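Student: Starting off with a structure, shown below.
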Amino acid sequence: MQLYANARNCQTPDWIYLSPHLDDAVFSCGGRIALQARMGVSVWVVTVFAGSPDGPLSDFALLLQTGWGLAERDAPAARREEDREALALLGATPVHGDFHDCIYRRSPDGHFLYPDWASLWGPIAPEEAALTEALAQRLGALPSSAVWVVPLGAGRHVDHRHLRQAAEMTGRACLYYEDYPYADDEEAVRSALGEGKWDAEVIFLDEAVLEAKTAAALCYRSQISSFWADEADLVDRFRAYAQRIGGGRPAERYWRRCG
Ligand SMILES: [Zn+2]
């Protein structure tokens with residue numbers, strides 16, 4: 001399967017973190033990944049919407065890529081490189097899927113499905129009814145023995161919702177992570193959890209692990225200006241969020257359905 005062809009020669013994973021985009025798993029779970037790598041646990045980070053566009057860009061995609069400093073370039077290729085760098089720091093294996101980020105996706109008649117900012121948080125395009133199923137099929141080809149960690153979809157980004165639905169469609173038991181930085185908004189997390197019953201699991205991070213997570217996050221250079229004023233702001237906000245989650249001690253929080 002194409003989705004993990006580039007990881008076939010790597011050690012079979014004990015844990016698989018499913019990431020919509022080339023940054024989400026590290027921003028959200030980088031501390032736990034670093035802790036696991038330190039203990040010799042084999043970790044893959046599978047980023048599904050990591051493919052390079054195969055057609056023209058929308059004005060919106062070009063605007064975003066300009067903001068990332070990647071105008072007129074193969075932005076996903078540059079971002080895959082950032083991801084390899086970040087995961088090398090943490091000791092995890094990058095796996096890059098070839099699905100396209102929603103900003104590049106078009107309908108069969110060629111119109112862009114997500115042509116502006118508002119559309120990223122709105123309904124999934126009706127033309128994409130088959131995408132979740134196609135994603136689920138690919139995920140089903142991943143090694144079956146690993147623990148899966150999937151995005152809750154906090155913040156409601158359309159690609160995050162697609163991935164959560166696809167993971168759930170496989171019928172696998174999942175552990176869920178809070179999509180950071182969207183999870184900075186507590187209401188976004190509450191809304192993503194919905195009405196179901198959940199158990200929270202808090203993983204404490206020591207200082208070295210928090211620093212490793214932050215250093216890995218800083219590798220996603222193209223994405224920093226989308227969310228933070230500068231590198232120092234990223235470092236401060238990562239720490240503030242981690243300390244809020246841990247009640248003063250840095251932590252990450254995960255969720256598992258119960259009942
Ligand atoms: Zn994302």
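A note on labels: chains of the structure tokens are A, B, ... as shown, every chain counts residues from 1, and ligands are counted from 1 in their shown order.
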Neighbouring residues of ligand 1 are defined here as those with any atom at most 8 Å from a ligand atom, counting only C-alpha atoms and all ligand atoms; list them as a list in words.
Tutor: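 Protein and nucleic-acid residues within 8 Å of ligand 1: Ser19, Pro20, His21, Leu22, Asp23, Asp24, His157, Asp159, His160 and Asp179 of chain A.
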Student: Write the residues of the selection above to a file with all heavy atoms, as a PDB file, in the first residue's frame.
Tutor:
ATOM      1  N   SER A  19      -1.882  11.568  11.748  1.00  0.00           N
ATOM      2  CA  SER A  19      -1.811  13.026  11.679  1.00  0.00           C
ATOM      3  C   SER A  19      -2.477  13.489  10.388  1.00  0.00           C
ATOM      4  O   SER A  19      -2.140  12.976   9.317  1.00  0.00           O
ATOM      5  CB  SER A  19      -0.330  13.450  11.685  1.00  0.00           C
ATOM      6  OG  SER A  19      -0.191  14.822  11.910  1.00  0.00           O
ATOM      7  N   PRO A  20      -3.424  14.427  10.460  1.00  0.00           N
ATOM      8  CA  PRO A  20      -4.001  14.928   9.219  1.00  0.00           C
ATOM      9  C   PRO A  20      -2.933  15.609   8.357  1.00  0.00           C
ATOM     10  O   PRO A  20      -2.754  15.283   7.189  1.00  0.00           O
ATOM     11  CB  PRO A  20      -5.065  15.922   9.680  1.00  0.00           C
ATOM     12  CG  PRO A  20      -5.335  15.588  11.109  1.00  0.00           C
ATOM     13  CD  PRO A  20      -4.056  15.023  11.650  1.00  0.00           C
ATOM     14  N   HIS A  21      -2.237  16.553   8.972  1.00  0.00           N
ATOM     15  CA  HIS A  21      -1.260  17.371   8.245  1.00  0.00           C
ATOM     16  C   HIS A  21       0.142  17.172   8.811  1.00  0.00           C
ATOM     17  O   HIS A  21       0.313  16.565   9.874  1.00  0.00           O
ATOM     18  CB  HIS A  21      -1.654  18.856   8.354  1.00  0.00           C
ATOM     19  CG  HIS A  21      -3.044  19.118   7.871  1.00  0.00           C
ATOM     20  ND1 HIS A  21      -4.035  19.617   8.679  1.00  0.00           N
ATOM     21  CD2 HIS A  21      -3.610  18.890   6.655  1.00  0.00           C
ATOM     22  CE1 HIS A  21      -5.165  19.719   7.977  1.00  0.00           C
ATOM     23  NE2 HIS A  21      -4.931  19.272   6.753  1.00  0.00           N
ATOM     24  N   LEU A  22       1.089  17.746   8.094  1.00  0.00           N
ATOM     25  CA  LEU A  22       2.497  17.591   8.460  1.00  0.00           C
ATOM     26  C   LEU A  22       2.827  18.570   9.581  1.00  0.00           C
ATOM     27  O   LEU A  22       3.415  19.623   9.349  1.00  0.00           O
ATOM     28  CB  LEU A  22       3.372  17.829   7.221  1.00  0.00           C
ATOM     29  CG  LEU A  22       3.197  16.754   6.138  1.00  0.00           C
ATOM     30  CD1 LEU A  22       3.497  17.317   4.767  1.00  0.00           C
ATOM     31  CD2 LEU A  22       4.090  15.555   6.441  1.00  0.00           C
ATOM     32  N   ASP A  23       2.398  18.270  10.751  1.00  0.00           N
ATOM     33  CA  ASP A  23       2.675  19.028  11.986  1.00  0.00           C
ATOM     34  C   ASP A  23       1.759  18.615  13.146  1.00  0.00           C
ATOM     35  O   ASP A  23       2.134  18.720  14.305  1.00  0.00           O
ATOM     36  CB  ASP A  23       2.610  20.566  11.799  1.00  0.00           C
ATOM     37  CG  ASP A  23       1.254  21.098  11.326  1.00  0.00           C
ATOM     38  OD1 ASP A  23       0.257  20.369  11.389  1.00  0.00           O
ATOM     39  OD2 ASP A  23       1.212  22.268  10.886  1.00  0.00           O
ATOM     40  N   ASP A  24       0.538  18.147  12.835  1.00  0.00           N
ATOM     41  CA  ASP A  24      -0.467  17.978  13.897  1.00  0.00           C
ATOM     42  C   ASP A  24      -0.034  17.017  15.007  1.00  0.00           C
ATOM     43  O   ASP A  24      -0.232  17.302  16.186  1.00  0.00           O
ATOM     44  CB  ASP A  24      -1.787  17.481  13.305  1.00  0.00           C
ATOM     45  CG  ASP A  24      -2.460  18.529  12.441  1.00  0.00           C
ATOM     46  OD1 ASP A  24      -2.708  19.638  12.949  1.00  0.00           O
ATOM     47  OD2 ASP A  24      -2.725  18.250  11.264  1.00  0.00           O
ATOM     48  N   HIS A 157     -11.377  21.368  11.885  1.00  0.00           N
ATOM     49  CA  HIS A 157     -10.792  21.427  10.540  1.00  0.00           C
ATOM     50  C   HIS A 157     -11.294  20.222   9.747  1.00  0.00           C
ATOM     51  O   HIS A 157     -11.329  19.092  10.259  1.00  0.00           O
ATOM     52  CB  HIS A 157      -9.262  21.410  10.624  1.00  0.00           C
ATOM     53  CG  HIS A 157      -8.604  21.682   9.310  1.00  0.00           C
ATOM     54  ND1 HIS A 157      -8.667  20.793   8.251  1.00  0.00           N
ATOM     55  CD2 HIS A 157      -7.879  22.738   8.863  1.00  0.00           C
ATOM     56  CE1 HIS A 157      -8.006  21.307   7.226  1.00  0.00           C
ATOM     57  NE2 HIS A 157      -7.525  22.485   7.569  1.00  0.00           N
ATOM     58  N   ASP A 159     -10.113  18.343   7.408  1.00  0.00           N
ATOM     59  CA  ASP A 159      -9.239  17.174   7.260  1.00  0.00           C
ATOM     60  C   ASP A 159      -9.103  16.398   8.565  1.00  0.00           C
ATOM     61  O   ASP A 159      -8.943  15.174   8.556  1.00  0.00           O
ATOM     62  CB  ASP A 159      -7.847  17.608   6.775  1.00  0.00           C
ATOM     63  CG  ASP A 159      -7.847  17.999   5.306  1.00  0.00           C
ATOM     64  OD1 ASP A 159      -8.796  17.627   4.586  1.00  0.00           O
ATOM     65  OD2 ASP A 159      -6.892  18.686   4.883  1.00  0.00           O
ATOM     66  N   HIS A 160      -9.159  17.091   9.684  1.00  0.00           N
ATOM     67  CA  HIS A 160      -9.100  16.412  10.981  1.00  0.00           C
ATOM     68  C   HIS A 160     -10.355  15.566  11.167  1.00  0.00           C
ATOM     69  O   HIS A 160     -10.299  14.443  11.670  1.00  0.00           O
ATOM     70  CB  HIS A 160      -8.963  17.436  12.111  1.00  0.00           C
ATOM     71  CG  HIS A 160      -7.631  18.142  12.126  1.00  0.00           C
ATOM     72  ND1 HIS A 160      -6.880  18.289  13.260  1.00  0.00           N
ATOM     73  CD2 HIS A 160      -6.926  18.737  11.142  1.00  0.00           C
ATOM     74  CE1 HIS A 160      -5.758  18.950  12.968  1.00  0.00           C
ATOM     75  NE2 HIS A 160      -5.783  19.242  11.683  1.00  0.00           N
ATOM     76  N   ASP A 179      -6.229  18.146  19.364  1.00  0.00           N
ATOM     77  CA  ASP A 179      -5.556  18.818  18.249  1.00  0.00           C
ATOM     78  C   ASP A 179      -5.044  20.182  18.717  1.00  0.00           C
ATOM     79  O   ASP A 179      -5.835  21.098  18.930  1.00  0.00           O
ATOM     80  CB  ASP A 179      -6.515  19.035  17.078  1.00  0.00           C
ATOM     81  CG  ASP A 179      -7.466  17.863  16.839  1.00  0.00           C
ATOM     82  OD1 ASP A 179      -8.125  17.424  17.812  1.00  0.00           O
ATOM     83  OD2 ASP A 179      -7.553  17.416  15.696  1.00  0.00           O
TER      84      ASP A 179
END
Student: Would you list the contacts of A:Asp206 as a list in words, taking every protein, DNA or RNA residue within 12 Å and counting only C-alpha atoms, but skipping same-chain residues closer than 5 positions in sequence?
Tutor: Gly31, Arg32, Ala34, Leu35, Glu211, Ala212, Lys213, Arg239, Ala242, Gln243, Gly246, Arg249, Pro250, Ala251 and Glu252 of chain A
Student: Those same residues - N, CA and C atoms - I'd like them written as a compact mmCIF listing (two decimals), in the first residue's frame.
Tutor:
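As written to disk, out-v1.txt reads:
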# COMPACT_ATOMS: atom_id res chain seq x y z
N GLY A 31 5.34 15.27 23.03
CA GLY A 31 5.92 14.88 24.31
C GLY A 31 5.83 13.38 24.54
N ARG A 32 4.65 12.84 24.27
CA ARG A 32 4.47 11.40 24.48
C ARG A 32 5.34 10.61 23.50
N ALA A 34 8.20 11.56 22.27
CA ALA A 34 9.58 11.63 22.77
C ALA A 34 9.79 10.67 23.94
N LEU A 35 8.81 10.62 24.84
CA LEU A 35 8.91 9.69 25.99
C LEU A 35 8.98 8.25 25.52
N GLU A 211 11.09 20.23 26.20
CA GLU A 211 12.04 20.91 25.30
C GLU A 211 12.18 20.17 23.99
N ALA A 212 12.20 18.84 24.04
CA ALA A 212 12.30 18.05 22.80
C ALA A 212 11.07 18.27 21.93
N LYS A 213 9.90 18.30 22.59
CA LYS A 213 8.66 18.53 21.84
C LYS A 213 8.70 19.90 21.16
N ARG A 239 4.26 25.79 26.40
CA ARG A 239 4.44 25.57 27.84
C ARG A 239 3.17 25.91 28.61
N ALA A 242 0.60 23.19 28.09
CA ALA A 242 1.01 21.95 28.77
C ALA A 242 0.81 22.09 30.28
N GLN A 243 1.09 23.25 30.82
CA GLN A 243 0.94 23.45 32.27
C GLN A 243 -0.53 23.53 32.67
N GLY A 246 -1.75 19.96 32.78
CA GLY A 246 -1.21 19.18 33.90
C GLY A 246 -1.42 19.83 35.26
N ARG A 249 2.03 21.27 36.19
CA ARG A 249 3.15 20.48 35.62
C ARG A 249 2.87 20.25 34.15
N PRO A 250 3.89 20.37 33.26
CA PRO A 250 3.63 20.17 31.84
C PRO A 250 3.07 18.77 31.56
N ALA A 251 2.10 18.72 30.67
CA ALA A 251 1.45 17.43 30.37
C ALA A 251 0.77 17.49 29.01
N GLU A 252 0.39 16.33 28.53
CA GLU A 252 -0.51 16.20 27.38
C GLU A 252 -1.70 15.38 27.86
Student: Taking the backbone alone, and naming residues the way the document does, which bits of stretch 5-211 of chain A are strand (DSSP E or B) by DSSP, as an MDAnalysis selection string?
Tutor: chainID A and resid 15:19 43:47 93:96 106 112 147:151 174:177 198:204
Student: Identify which of the residues A:Gly51, A:Gly155, A:Ala134, A:Gly122 lies closest to A:Arg105, counting only C-alpha atoms when measuring atom-to-atom distances.
Tutor: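 Under the stated criterion, the closest residue is A:Gly51.
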Student: What is the atom CA of A:Asp199 to atom CA of A:Ile245 distance in Å?
Tutor: 14.5 Å
Student: Counting only C-alpha atoms, which residue out of A:Pro94, A:Pro143, A:Gly69, A:Pro56 sits closest to A:Phe112?
Tutor: A:Pro56
Student: What separation in Å, quoted to one decimal, exists between atom CA of A:Ala71 and atom CA of A:Leu87?
Tutor: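 About the pair atom CA of A:Ala71 and atom CA of A:Leu87: they are 24.7 Å apart.
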Student: What does the structure give for the distance between atom CA of A:Pro13 and atom CA of A:Tyr241, in Å to one decimal?
Tutor: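 Distance between the two atoms: 28.4 Å.
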Student: Need the shell around A:Leu135: protein/DNA/RNA residues with any atom at most 9 Å away, counting only C-alpha atoms. Skip same-chain ones fewer than 6 positions apart. Format as a ChimeraX atom specification?
Tutor: /A:48,99,162-163,166-167
Student: Can you pull out the residues contacting stretch 225-235 of chain A? Cut-off 8 Å, using only C-alpha atoms, and skip same-chain residues under 2 positions away; I want them as a PyMOL selection string.
Tutor: chain A and resi 67-68+181+214+218+222-223+237-239
Student: Can those selected residues be exported to a file as a tab-separated table (two decimals), in the first residue's frame so that it contains C-alpha atoms?
Tutor:
chain	number	residue	atom	x	y	z
A	67	GLY	CA	2.17	33.04	4.03
A	68	TRP	CA	4.22	29.89	4.59
A	181	PRO	CA	-3.16	24.56	18.89
A	214	THR	CA	9.14	22.26	21.37
A	218	LEU	CA	10.01	24.52	15.65
A	222	SER	CA	6.59	27.15	7.33
A	223	GLN	CA	3.69	26.82	9.78
A	237	ARG	CA	2.28	28.96	24.34
A	238	PHE	CA	3.32	25.30	24.24
A	239	ARG	CA	4.44	25.57	27.84
